[in-house]
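K.L.:
So that you have it, the file is work.cif, and it contains mmCIF, C-alpha atoms:
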data_data
loop_
_atom_site.label_atom_id
_atom_site.label_comp_id
_atom_site.auth_asym_id
_atom_site.auth_seq_id
_atom_site.Cartn_x
_atom_site.Cartn_y
_atom_site.Cartn_z
CA MET A 1 0.00 0.00 0.00
CA LYS A 2 2.78 2.38 0.94
CA LYS A 3 4.65 1.39 -2.21
CA ASN A 4 1.64 2.27 -4.41
CA ARG A 5 1.26 5.59 -2.60
CA LYS A 6 4.91 6.45 -3.21
CA THR A 7 4.60 5.47 -6.87
CA THR A 8 1.54 7.72 -7.25
CA MET A 9 3.36 10.64 -5.60
CA VAL A 10 6.37 10.19 -7.91
CA VAL A 11 4.12 10.10 -10.98
CA LEU A 12 2.28 13.23 -9.85
CA PHE A 13 5.56 15.00 -9.13
CA LEU A 14 6.98 14.07 -12.53
CA GLY A 15 3.72 15.17 -14.16
CA PHE A 16 3.92 18.50 -12.37
CA ILE A 17 7.53 18.99 -13.49
CA LEU A 18 6.62 18.11 -17.09
CA TYR A 19 3.64 20.50 -17.05
CA TRP A 20 5.72 23.33 -15.58
CA ASN A 21 8.46 22.82 -18.15
CA MET A 22 5.91 22.88 -20.98
CA PHE A 23 4.24 26.00 -19.55
CA PHE A 24 7.58 27.74 -19.06
CA SER A 25 8.70 26.81 -22.59
CA ILE A 26 5.50 28.23 -24.09
CA GLN A 27 5.89 31.45 -22.09
CA VAL A 28 9.54 31.82 -23.14
CA PHE A 29 8.65 31.14 -26.79
CA ALA A 30 5.85 33.73 -26.70
CA GLN A 31 8.16 36.25 -25.02
CA GLU A 32 10.86 35.62 -27.63
CA GLN A 33 8.33 36.16 -30.43
CA VAL A 34 7.20 39.48 -28.90
CA SER A 35 10.82 40.50 -28.35
CA LYS A 36 11.72 39.78 -31.97
CA GLU A 37 8.78 41.80 -33.26
CA ALA A 38 9.45 44.62 -30.80
CA THR A 39 13.12 44.77 -31.84
CA PHE A 40 12.03 44.82 -35.48
CA PHE A 41 9.56 47.64 -34.79
CA LEU A 42 12.11 49.64 -32.79
CA THR A 43 14.64 49.42 -35.60
CA HIS A 44 12.07 50.55 -38.15
CA ILE A 45 10.62 53.49 -36.22
CA ASN A 46 14.12 54.67 -35.28
CA GLN A 47 14.94 54.99 -38.98
CA TYR A 48 12.23 57.64 -39.17
CA ARG A 49 13.49 59.35 -36.02
CA THR A 50 17.04 59.47 -37.38
CA LYS A 51 15.78 61.46 -40.38
CA THR A 52 14.51 64.16 -38.02
CA GLY A 53 17.64 64.23 -35.85
CA ILE A 54 15.98 63.03 -32.63
CA PRO A 55 17.26 60.25 -30.31
CA PRO A 56 16.13 56.65 -30.94
CA LEU A 57 13.46 54.93 -28.86
CA GLU A 58 14.45 52.13 -26.49
CA TRP A 59 12.68 49.18 -24.85
CA ASN A 60 11.54 49.40 -21.23
CA GLU A 61 10.41 46.29 -19.37
CA ASN A 62 8.15 48.09 -16.85
CA LEU A 63 6.37 49.96 -19.64
CA TYR A 64 5.96 46.65 -21.49
CA ARG A 65 4.14 45.14 -18.51
CA GLY A 66 1.58 47.94 -18.79
CA ALA A 67 0.99 47.16 -22.47
CA GLU A 68 0.87 43.42 -21.80
CA ASN A 69 -1.67 43.96 -19.02
CA HIS A 70 -3.98 45.99 -21.22
CA VAL A 71 -4.06 43.57 -24.16
CA THR A 72 -4.85 40.84 -21.62
CA TYR A 73 -7.66 43.02 -20.21
CA MET A 74 -9.10 43.74 -23.68
CA GLN A 75 -8.92 40.10 -24.73
CA TYR A 76 -10.50 38.81 -21.51
CA HIS A 77 -13.40 41.30 -21.56
CA LYS A 78 -13.67 41.43 -25.38
CA VAL A 79 -13.51 45.24 -25.38
CA PHE A 80 -11.57 47.57 -27.63
CA GLN A 81 -10.80 50.70 -25.64
CA GLN A 82 -7.93 52.47 -23.88
CA GLN A 83 -9.75 52.88 -20.57
CA GLN A 84 -10.06 50.08 -18.01
CA GLN A 85 -13.01 49.76 -15.63
CA LYS A 86 -12.30 49.59 -11.91
CA TYR A 87 -13.01 46.32 -10.06
CA LYS A 88 -12.92 44.29 -13.28
CA GLN A 89 -10.55 41.37 -13.81
CA TYR A 90 -6.98 42.49 -14.73
CA PHE A 91 -7.69 46.13 -13.79
CA THR A 92 -4.44 47.98 -13.00
CA GLY A 93 -5.39 51.57 -13.83
CA ALA A 94 -7.97 53.55 -15.76
CA TYR A 95 -5.58 55.14 -18.27
CA PRO A 96 -2.28 54.13 -19.91
CA TRP A 97 -0.20 56.35 -17.60
CA ASN A 98 -1.95 54.89 -14.53
CA ARG A 99 -1.17 51.35 -15.67
CA ALA A 100 2.45 52.23 -16.46
CA ALA A 101 2.86 53.73 -12.98
CA TYR A 102 1.29 50.59 -11.45
CA PHE A 103 4.12 48.58 -12.99
CA ARG A 104 6.68 51.11 -11.68
CA TYR A 105 7.40 52.96 -14.89
CA LYS A 106 9.10 56.12 -13.63
CA HIS A 107 8.36 58.62 -16.42
CA PRO A 108 5.11 60.63 -16.38
CA MET A 109 4.31 60.91 -20.09
CA VAL A 110 2.64 57.83 -21.62
CA VAL A 111 0.54 57.53 -24.78
CA GLU A 112 -1.06 54.37 -26.17
CA PHE A 113 -2.03 53.20 -29.66
CA ILE A 114 -4.30 50.16 -29.56
CA GLY A 115 -5.38 47.92 -32.40
CA LYS A 116 -7.89 45.17 -33.10
CA ASP A 117 -7.61 42.77 -36.02
CA LYS A 118 -4.68 44.88 -37.21
CA GLU A 119 -1.89 43.36 -39.23
CA ILE A 120 1.22 43.08 -37.08
CA SER A 121 3.70 44.35 -39.61
CA ILE A 122 5.86 47.28 -40.64
CA LYS A 123 2.84 48.75 -42.44
CA ARG A 124 1.27 49.45 -39.05
CA LEU A 125 4.21 51.63 -38.02
CA ASP A 126 4.32 53.30 -41.43
CA SER A 127 0.67 54.25 -40.95
CA PHE A 128 1.59 56.13 -37.76
CA ILE A 129 4.03 58.26 -39.77
CA GLU A 130 1.65 58.63 -42.72
CA ASN A 131 -0.95 60.05 -40.34
CA PRO A 132 0.38 63.52 -39.40
CA TYR A 133 -1.60 63.61 -36.12
CA ASP A 134 -0.04 60.36 -34.89
CA ARG A 135 3.35 61.35 -36.31
CA ILE A 136 3.73 64.25 -33.88
CA PHE A 137 3.80 61.70 -31.04
CA TRP A 138 6.00 59.10 -32.74
CA LEU A 139 8.58 61.69 -33.79
CA SER A 140 8.57 63.50 -30.46
CA PRO A 141 11.90 63.91 -28.61
CA GLU A 142 9.87 63.74 -25.39
CA TYR A 143 9.33 60.00 -25.79
CA MET A 144 12.30 57.75 -24.97
CA HIS A 145 10.72 54.30 -24.82
CA MET A 146 8.51 52.19 -27.06
CA VAL A 147 7.00 48.78 -26.30
CA PHE A 148 4.64 46.48 -28.12
CA ALA A 149 2.35 43.71 -26.85
CA TYR A 150 -0.44 41.67 -28.36
CA LYS A 151 -2.85 38.92 -27.39
CA ASN A 152 -4.95 37.23 -30.07
CA GLU A 153 -6.52 40.05 -32.10
CA TYR A 154 -5.69 42.87 -29.63
CA SER A 155 -2.46 44.86 -29.70
CA SER A 156 -0.93 47.84 -27.92
CA PHE A 157 1.95 50.21 -28.62
CA LEU A 158 3.05 52.35 -25.69
CA LEU A 159 5.31 55.39 -25.88
CA GLY A 160 6.79 56.71 -22.63
CA GLY A 161 9.00 59.60 -21.60
CA GLU A 162 9.13 63.08 -20.10
CA LYS A 163 9.37 66.72 -21.14
CA VAL A 164 12.46 67.80 -23.04
CA LYS A 165 15.38 69.44 -21.25
CA GLU A 166 15.81 71.97 -24.09
CA ASP A 167 13.26 73.40 -26.53
CA GLN A 168 13.30 71.77 -29.96
CA VAL A 169 11.61 72.12 -33.36
CA VAL A 170 10.94 68.92 -35.28
CA VAL A 171 9.84 68.89 -38.93
CA TYR A 172 8.92 65.96 -41.11
CA PRO A 173 9.87 65.35 -43.86
CA GLY A 174 13.20 66.33 -42.34
CA GLU A 175 15.86 68.75 -43.58
CA GLN A 176 17.21 67.51 -46.96
CA GLN A 177 15.32 64.23 -46.60
CA LYS A 178 15.14 62.25 -49.85
CA GLU A 179 12.62 59.87 -51.41
CA VAL A 180 9.60 61.42 -49.70
CA PRO A 181 6.23 60.03 -50.94
CA THR A 182 4.17 62.27 -53.20
CA LEU A 183 0.74 61.24 -51.91
CA TRP A 184 -1.02 61.01 -48.58
CA VAL A 185 -2.66 57.60 -48.38
CA ASP A 186 -5.00 57.66 -45.36
CA GLU A 187 -6.19 54.69 -43.29
CA LYS A 188 -9.10 54.14 -45.67
CA GLY A 189 -6.73 53.92 -48.63
CA GLN A 190 -7.88 57.22 -50.12
CA LYS A 191 -5.32 59.24 -52.07
CA SER A 192 -6.64 62.78 -52.23
CA ASN A 193 -3.84 65.10 -51.09
CA GLY A 194 -0.11 65.57 -51.33
CA TYR A 195 2.12 64.12 -48.63
CA PRO A 196 1.47 65.96 -45.32
CA ILE A 197 4.24 68.00 -43.70
CA THR A 198 4.43 68.57 -39.94
CA LEU A 199 6.13 71.16 -37.80
CA ALA A 200 6.02 70.56 -34.05
CA TYR A 201 7.53 72.43 -31.13
CA TYR A 202 8.56 70.69 -27.90
CA SER A 203 9.34 72.81 -24.86
CA THR A 204 10.33 72.71 -21.20
CA LYS A 205 7.30 74.96 -20.68
CA THR A 206 3.62 74.11 -21.04
CA ILE A 207 2.39 74.94 -24.56
CA GLU A 208 -1.12 76.36 -24.81
CA THR A 209 -1.33 76.59 -28.61
CA VAL A 210 0.54 77.25 -31.85
CA GLU A 211 -0.64 79.99 -34.20
CA VAL A 212 0.24 80.22 -37.89
CA ILE A 213 1.79 83.49 -39.03
CA GLN A 214 2.91 82.48 -42.53
CA VAL A 215 3.55 79.27 -44.47
CA GLN A 216 4.83 78.93 -48.03
CA MET A 217 5.80 75.87 -50.05
CA LYS A 218 7.62 76.09 -53.37
CA ASP A 219 8.80 73.76 -56.13
CA GLN A 220 12.47 74.73 -56.43
CA LEU A 221 12.73 73.52 -60.02
CA THR A 222 9.87 75.55 -61.44
CA GLY A 223 9.65 78.28 -58.79
CA ARG A 224 5.92 77.58 -58.56
CA PHE A 225 4.23 77.99 -55.17
CA ILE A 226 2.23 74.97 -54.03
CA ASP A 227 -1.35 75.34 -52.87
CA THR A 228 -1.65 74.06 -49.31
CA ARG A 229 -4.19 73.71 -46.53
CA ILE A 230 -2.91 74.49 -43.04
CA GLU A 231 -4.25 72.82 -39.91
CA ALA A 232 -3.43 74.27 -36.48
CA PRO A 233 -4.67 73.80 -32.89
CA LYS A 234 -7.25 76.55 -33.38
CA THR A 235 -9.10 74.50 -36.00
CA ASN A 236 -8.07 70.94 -35.11
CA PRO A 237 -8.46 69.59 -31.54
CA TYR A 238 -5.91 66.80 -32.21
CA LEU A 239 -3.14 69.38 -32.46
CA VAL A 240 -1.61 71.23 -29.50
CA ASN A 241 2.05 71.84 -30.16
CA GLY A 242 2.30 71.84 -33.95
CA ILE A 243 0.82 72.45 -37.38
CA VAL A 244 0.13 70.27 -40.42
CA ILE A 245 0.81 71.54 -43.95
CA ILE A 246 -1.22 69.59 -46.51
CA PRO A 247 -0.60 70.11 -50.26
CA THR A 248 -4.00 70.14 -51.96
CA SER A 249 -2.79 67.88 -54.79
CA GLU A 250 -0.17 65.19 -55.32
CA LEU A 251 3.44 66.39 -55.29
CA GLN A 252 5.60 65.81 -58.35
CA HIS A 253 8.23 63.07 -58.50
CA ASP A 254 11.94 63.91 -58.66
CA ARG A 255 11.36 67.37 -57.20
CA THR A 256 12.90 69.37 -54.39
CA TYR A 257 10.44 71.41 -52.34
CA GLN A 258 11.20 74.32 -50.07
CA VAL A 259 9.04 75.01 -47.02
CA GLN A 260 9.11 78.30 -45.14
CA ALA A 261 7.10 78.49 -41.94
CA MET A 262 6.65 81.13 -39.26
CA VAL A 263 4.55 80.26 -36.22
CA LYS A 264 3.82 81.74 -32.82
CA VAL A 265 4.15 79.29 -29.92
CA VAL A 266 2.00 80.46 -26.99
CA PHE A 267 2.89 79.19 -23.51
CA ASN A 268 0.84 79.49 -20.37
CA ARG A 269 0.76 82.90 -18.68
CA GLN A 270 0.58 84.47 -22.18
CA ASP A 271 4.31 84.10 -22.78
CA PHE A 272 5.11 83.36 -26.44
CA LYS A 273 7.92 82.74 -28.91
CA VAL A 274 8.03 83.21 -32.71
CA ILE A 275 9.62 80.27 -34.56
CA LYS A 276 10.97 80.53 -38.12
CA LYS A 277 11.88 77.40 -40.05
CA ASN A 278 13.15 77.08 -43.63
CA TRP A 279 14.02 73.65 -45.05
CA ILE A 280 13.95 71.48 -48.19
CA PHE A 281 13.15 67.86 -49.03
CA SER A 282 13.02 65.77 -52.21
CA THR A 283 10.33 63.39 -53.44
CA ILE A 284 10.78 59.82 -54.66
CA PRO A 285 12.29 59.37 -58.13
CA VAL A 286 10.12 58.22 -60.98
CA ASN A 287 11.11 54.92 -62.58
CA ASP A 288 9.54 55.51 -65.95
CA SER A 289 7.42 58.29 -67.34
CA LYS A 290 5.17 59.92 -64.74
CA MET A 291 2.48 60.17 -67.40
CA LYS A 292 0.83 56.76 -67.64
CA ASP A 293 -0.45 57.25 -71.16
CA THR A 294 3.04 57.99 -72.53
CA ILE A 295 4.42 54.56 -71.59
CA GLY A 296 5.24 52.84 -74.90
CA HIS A 297 4.27 55.96 -76.83
CA TRP A 298 6.79 57.39 -79.32
CA SER A 299 7.00 60.55 -77.13
CA GLU A 300 7.75 58.72 -73.85
CA GLU A 301 11.45 59.63 -73.53
CA ILE A 302 10.93 63.23 -74.66
CA VAL A 303 8.02 63.86 -72.28
CA HIS A 304 9.85 62.18 -69.38
CA ASN A 305 12.98 64.31 -69.88
CA PHE A 306 10.91 67.48 -70.11
CA TYR A 307 9.02 66.45 -66.97
CA LYS A 308 12.24 66.03 -64.98
CA LYS A 309 13.30 69.52 -66.08
CA GLY A 310 10.00 71.02 -65.00
CA ILE A 311 8.97 71.97 -68.53
CA VAL A 312 5.84 69.79 -68.70
CA GLU A 313 3.56 68.26 -66.10
CA PRO A 314 0.57 65.89 -66.28
CA ARG A 315 -2.50 67.57 -67.69
CA GLN A 316 -4.86 65.59 -65.49
CA ASN A 317 -3.73 63.42 -62.57
CA THR A 318 -1.16 61.10 -64.18
CA PHE A 319 -2.28 61.54 -67.79
CA PHE A 320 -0.61 63.75 -70.38
CA TYR A 321 -2.72 63.00 -73.48
CA PRO A 322 0.28 63.01 -75.84
CA ASP A 323 -1.78 62.54 -79.01
CA GLN A 324 -3.69 65.71 -78.20
CA SER A 325 -0.65 67.64 -77.01
CA ILE A 326 2.16 66.56 -79.35
CA SER A 327 2.28 66.14 -83.11
CA ARG A 328 5.20 64.89 -85.17
#
Let's see the structure in the file written out as structure tokens.
P.N.:
Amino acid sequence: MKKNRKTTMVVLFLGFILYWNMFFSIQVFAQEQVSKEATFFLTHINQYRTKTGIPPLEWNENLYRGAENHVTYMQYHKVFQQQQQKYKQYFTGAYPWNRAAYFRYKHPMVVEFIGKDKEISIKRLDSFIENPYDRIFWLSPEYMHMVFAYKNEYSSFLLGGEKVKEDQVVVYPGEQQKEVPTLWVDEKGQKSNGYPITLAYYSTKTIETVEVIQVQMKDQLTGRFIDTRIEAPKTNPYLVNGIVIIPTSELQHDRTYQVQAMVKVVFNRQDFKVIKKNWIFSTIPVNDSKMKDTIGHWSEEIVHNFYKKGIVEPRQNTFFYPDQSISR
């Protein structure tokens, strides 16, 4: 009887060890997968930050625990929202900064980007830069850390940091940046405007608003001024410390554009500072003729060369109508 009891205890003990090893292996594998993706994402987003001259983002384990907690909360309750409800399972704080503090993250500034049924790929990060309102956070020198967590169809990116030690202007596309897209492709896939340009100001002081004094954008090759629409905090609640310059039509390929901006940064207590910024960037090169209806046409090489010199441009969107415009 005693022998059978001992045998049973040994079997149970071995079973427990086997289960624990399997559980631990699964956890380690999952953690390694997240770490690989997070490293990949960090490398990619830091390429964007390098173009603007701001420090790279780094991983922070305490901040990661906050992201991991929230994807677990969303998955368990089948909710897609940034806020957690008190007294519910996995509650650690109502807002992202509360949850980060719960896991002993020491920096006060935290912003979260959640996703549901989103593709976990580089395209997701690219979309944050494509969207000028998200971009102002992702290309902020205030944020020092980035983490990523996901559980089933729910995902979370967290940015964490603190106010800058010295005031700084950040523009994107950056100074002398090359191969900038010509179109703004929004989250719905619509292509209606030229690639958006952002100017943001980060300060040791509290910024109340940013007011536009003057903005001009010019094609350096032709000298032509580009029609733009300007969005500022006064007209857009998503903006506080910057402006968005949106060309009203697609930019040309193989062109260098000059942007001149003058804005008034208003701090609390009615203190203010006028910022002037003048910079250039170049759009992506064109592989063949920009005009789709000249491809294979006898005029293709001529039209393409003239286009690169700024002599001709598409007559409508990407069409030149060579048979109407050129005769032998």
K.L.:
For the atom pair atom CA of A:Tyr195 and atom CA of A:Phe113, what is the interatomic distance in Å to one decimal place?
P.N.:
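Computing the Euclidean distance for atom CA of A:Tyr195 and atom CA of A:Phe113 yields 22.3 Å.
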K.L.:
Apply the PyMOL selection byres ((chain A and resi 107) around 6) to the file shown and report the selected residues as a count of residues only.
P.N.:
6
K.L.:
Run the PyMOL selection byres ((chain A and resi 114) around 6) on the file and write out the hits as a count of residues only.
P.N.:
4
K.L.:
I'd like the neighbourhood of A:Tyr257 as a list in words, where a residue qualifies if any of its atoms comes within 9 Å (using only C-alpha atoms), though same-chain residues fewer than 2 positions away should be ignored.
P.N.:
Met217, Lys218, Asp219, Gln220, Leu221, Arg255, Val259, Trp279, Ile280, Phe281, Ser282 and Thr283 of chain A
K.L.:
Please evaluate the PyMOL selection byres ((chain A and resi 204-207) around 9) against the displayed coordinates and give the resulting residues as a PDB file with C-alpha atoms, in the coordinates of the input.
P.N.:
ATOM      1  CA  LYS A 163       9.370  66.720 -21.140  1.00  0.00           C
ATOM      2  CA  VAL A 164      12.460  67.800 -23.040  1.00  0.00           C
ATOM      3  CA  LYS A 165      15.380  69.440 -21.250  1.00  0.00           C
ATOM      4  CA  GLU A 166      15.810  71.970 -24.090  1.00  0.00           C
ATOM      5  CA  ASP A 167      13.260  73.400 -26.530  1.00  0.00           C
ATOM      6  CA  TYR A 201       7.530  72.430 -31.130  1.00  0.00           C
ATOM      7  CA  TYR A 202       8.560  70.690 -27.900  1.00  0.00           C
ATOM      8  CA  SER A 203       9.340  72.810 -24.860  1.00  0.00           C
ATOM      9  CA  GLU A 208      -1.120  76.360 -24.810  1.00  0.00           C
ATOM     10  CA  THR A 209      -1.330  76.590 -28.610  1.00  0.00           C
ATOM     11  CA  VAL A 210       0.540  77.250 -31.850  1.00  0.00           C
ATOM     12  CA  VAL A 240      -1.610  71.230 -29.500  1.00  0.00           C
ATOM     13  CA  ASN A 241       2.050  71.840 -30.160  1.00  0.00           C
ATOM     14  CA  VAL A 265       4.150  79.290 -29.920  1.00  0.00           C
ATOM     15  CA  VAL A 266       2.000  80.460 -26.990  1.00  0.00           C
ATOM     16  CA  PHE A 267       2.890  79.190 -23.510  1.00  0.00           C
ATOM     17  CA  ASN A 268       0.840  79.490 -20.370  1.00  0.00           C
TER      18      ASN A 268
END
K.L.:
Any chance you could tabulate, as CSV, the residues of stretch 122-183 of chain A at most 7 Å from stretch 59-75 of chain A with each one's nearest atom pair and distance in Å to one decimal, using all atoms listed in the file, in chain and rising number order?
P.N.:
residue,atom,partner,partner_atom,distance
A:His145,CA,A:Trp59,CA,5.5
A:Met146,CA,A:Trp59,CA,5.6
A:Val147,CA,A:Tyr64,CA,5.4
A:Phe148,CA,A:Ala67,CA,6.8
A:Ala149,CA,A:Glu68,CA,5.3
A:Tyr150,CA,A:Val71,CA,5.9
A:Lys151,CA,A:Val71,CA,5.8
A:Tyr154,CA,A:Val71,CA,5.8
A:Ser155,CA,A:Val71,CA,5.9
A:Ser156,CA,A:Ala67,CA,5.8
A:Phe157,CA,A:Ala67,CA,6.9
A:Leu158,CA,A:Ala67,CA,6.4
K.L.:
Could you check how far atom CA of A:Lys36 sits from atom CA of A:Glu153, in Å to one decimal?
P.N.:
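Answer for the atom CA of A:Lys36 to atom CA of A:Glu153 separation: 18.2 Å.
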K.L.:
I'd like the interatomic distance between atom CA of A:Thr228 and atom CA of A:Asn46, to a tenth of an Å.
P.N.:
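Distance reported for this atom pair: 28.7 Å.
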K.L.:
Given all atoms listed in the file as the basis, pick out the residue of A:Phe80, A:Tyr143, A:Tyr102, A:Phe225 nearest to A:Asp117.
P.N.:
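Between A:Phe80, A:Tyr143, A:Tyr102, A:Phe225, the residue approaching A:Asp117 most closely is A:Phe80.
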K.L.:
So, with all atoms listed in the file as the atoms that count, which of A:Ala94, A:Ala200, A:Met262, A:Val215 lies closest to A:Asp134?
P.N.:
A:Ala200
K.L.:
Residues within 8 Å of A:Trp138, please, as a PyMOL selection string. Count all atoms listed in the file; anything in the same chain fewer than 2 positions from it doesn't count.
P.N.:
chain A and resi 128-129+134-136+140+143+159
K.L.:
Can you work out which one of A:Ala261, A:Leu251, A:Leu183, A:Ala100 has the shortest atom-to-atom distance to A:Val171, counting all atoms listed in the file?
P.N.:
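Under the stated criterion, the closest residue is A:Ala261.
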K.L.:
Reconstruct stretch 255-278 of chain A at the level of N, CA and C atoms, and format the result as a PDB file, in the coordinates of the input.
P.N.:
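Now in out-v2.pdb:
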ATOM      1  N   ARG A 255      11.361  65.926 -57.432  1.00  0.00           N
ATOM      2  CA  ARG A 255      11.360  67.370 -57.200  1.00  0.00           C
ATOM      3  C   ARG A 255      11.882  67.691 -55.803  1.00  0.00           C
ATOM      4  N   THR A 256      12.466  68.859 -55.687  1.00  0.00           N
ATOM      5  CA  THR A 256      12.900  69.370 -54.390  1.00  0.00           C
ATOM      6  C   THR A 256      11.955  70.506 -54.004  1.00  0.00           C
ATOM      7  N   TYR A 257      11.392  70.403 -52.825  1.00  0.00           N
ATOM      8  CA  TYR A 257      10.440  71.410 -52.340  1.00  0.00           C
ATOM      9  C   TYR A 257      11.045  72.171 -51.161  1.00  0.00           C
ATOM     10  N   GLN A 258      10.758  73.450 -51.157  1.00  0.00           N
ATOM     11  CA  GLN A 258      11.200  74.320 -50.070  1.00  0.00           C
ATOM     12  C   GLN A 258       9.992  74.736 -49.246  1.00  0.00           C
ATOM     13  N   VAL A 259      10.126  74.613 -47.926  1.00  0.00           N
ATOM     14  CA  VAL A 259       9.040  75.010 -47.020  1.00  0.00           C
ATOM     15  C   VAL A 259       9.552  76.118 -46.109  1.00  0.00           C
ATOM     16  N   GLN A 260       8.803  77.192 -46.053  1.00  0.00           N
ATOM     17  CA  GLN A 260       9.110  78.300 -45.140  1.00  0.00           C
ATOM     18  C   GLN A 260       7.922  78.472 -44.200  1.00  0.00           C
ATOM     19  N   ALA A 261       8.184  78.388 -42.914  1.00  0.00           N
ATOM     20  CA  ALA A 261       7.100  78.490 -41.940  1.00  0.00           C
ATOM     21  C   ALA A 261       7.476  79.441 -40.814  1.00  0.00           C
ATOM     22  N   MET A 262       6.498  80.240 -40.426  1.00  0.00           N
ATOM     23  CA  MET A 262       6.650  81.130 -39.260  1.00  0.00           C
ATOM     24  C   MET A 262       5.432  80.923 -38.374  1.00  0.00           C
ATOM     25  N   VAL A 263       5.655  80.512 -37.131  1.00  0.00           N
ATOM     26  CA  VAL A 263       4.550  80.260 -36.220  1.00  0.00           C
ATOM     27  C   VAL A 263       4.814  80.934 -34.877  1.00  0.00           C
ATOM     28  N   LYS A 264       3.737  81.140 -34.154  1.00  0.00           N
ATOM     29  CA  LYS A 264       3.820  81.740 -32.820  1.00  0.00           C
ATOM     30  C   LYS A 264       3.443  80.661 -31.797  1.00  0.00           C
ATOM     31  N   VAL A 265       4.401  80.278 -30.957  1.00  0.00           N
ATOM     32  CA  VAL A 265       4.150  79.290 -29.920  1.00  0.00           C
ATOM     33  C   VAL A 265       3.748  80.038 -28.647  1.00  0.00           C
ATOM     34  N   VAL A 266       2.529  79.757 -28.169  1.00  0.00           N
ATOM     35  CA  VAL A 266       2.000  80.460 -26.990  1.00  0.00           C
ATOM     36  C   VAL A 266       2.084  79.519 -25.783  1.00  0.00           C
ATOM     37  N   PHE A 267       2.767  79.962 -24.747  1.00  0.00           N
ATOM     38  CA  PHE A 267       2.890  79.190 -23.510  1.00  0.00           C
ATOM     39  C   PHE A 267       1.839  79.672 -22.514  1.00  0.00           C
ATOM     40  N   ASN A 268       1.763  79.008 -21.390  1.00  0.00           N
ATOM     41  CA  ASN A 268       0.840  79.490 -20.370  1.00  0.00           C
ATOM     42  C   ASN A 268       1.345  80.826 -19.821  1.00  0.00           C
ATOM     43  N   ARG A 269       0.463  81.557 -19.180  1.00  0.00           N
ATOM     44  CA  ARG A 269       0.760  82.900 -18.680  1.00  0.00           C
ATOM     45  C   ARG A 269       1.019  83.894 -19.818  1.00  0.00           C
ATOM     46  N   GLN A 270       0.524  83.576 -21.020  1.00  0.00           N
ATOM     47  CA  GLN A 270       0.580  84.470 -22.180  1.00  0.00           C
ATOM     48  C   GLN A 270       1.998  84.745 -22.686  1.00  0.00           C
ATOM     49  N   ASP A 271       2.965  84.001 -22.227  1.00  0.00           N
ATOM     50  CA  ASP A 271       4.310  84.100 -22.780  1.00  0.00           C
ATOM     51  C   ASP A 271       4.304  83.442 -24.163  1.00  0.00           C
ATOM     52  N   PHE A 272       5.103  83.952 -25.110  1.00  0.00           N
ATOM     53  CA  PHE A 272       5.110  83.360 -26.440  1.00  0.00           C
ATOM     54  C   PHE A 272       6.493  83.487 -27.083  1.00  0.00           C
ATOM     55  N   LYS A 273       6.667  82.735 -28.169  1.00  0.00           N
ATOM     56  CA  LYS A 273       7.920  82.740 -28.910  1.00  0.00           C
ATOM     57  C   LYS A 273       7.606  82.535 -30.393  1.00  0.00           C
ATOM     58  N   VAL A 274       8.226  83.346 -31.259  1.00  0.00           N
ATOM     59  CA  VAL A 274       8.030  83.210 -32.710  1.00  0.00           C
ATOM     60  C   VAL A 274       9.123  82.296 -33.273  1.00  0.00           C
ATOM     61  N   ILE A 275       8.695  81.257 -33.992  1.00  0.00           N
ATOM     62  CA  ILE A 275       9.620  80.270 -34.560  1.00  0.00           C
ATOM     63  C   ILE A 275       9.626  80.411 -36.074  1.00  0.00           C
ATOM     64  N   LYS A 276      10.814  80.503 -36.660  1.00  0.00           N
ATOM     65  CA  LYS A 276      10.970  80.530 -38.120  1.00  0.00           C
ATOM     66  C   LYS A 276      11.738  79.281 -38.548  1.00  0.00           C
ATOM     67  N   LYS A 277      11.221  78.611 -39.556  1.00  0.00           N
ATOM     68  CA  LYS A 277      11.880  77.400 -40.050  1.00  0.00           C
ATOM     69  C   LYS A 277      11.850  77.382 -41.572  1.00  0.00           C
ATOM     70  N   ASN A 278      13.014  77.105 -42.179  1.00  0.00           N
ATOM     71  CA  ASN A 278      13.150  77.080 -43.630  1.00  0.00           C
ATOM     72  C   ASN A 278      13.934  75.807 -43.985  1.00  0.00           C
TER      73      ASN A 278
END
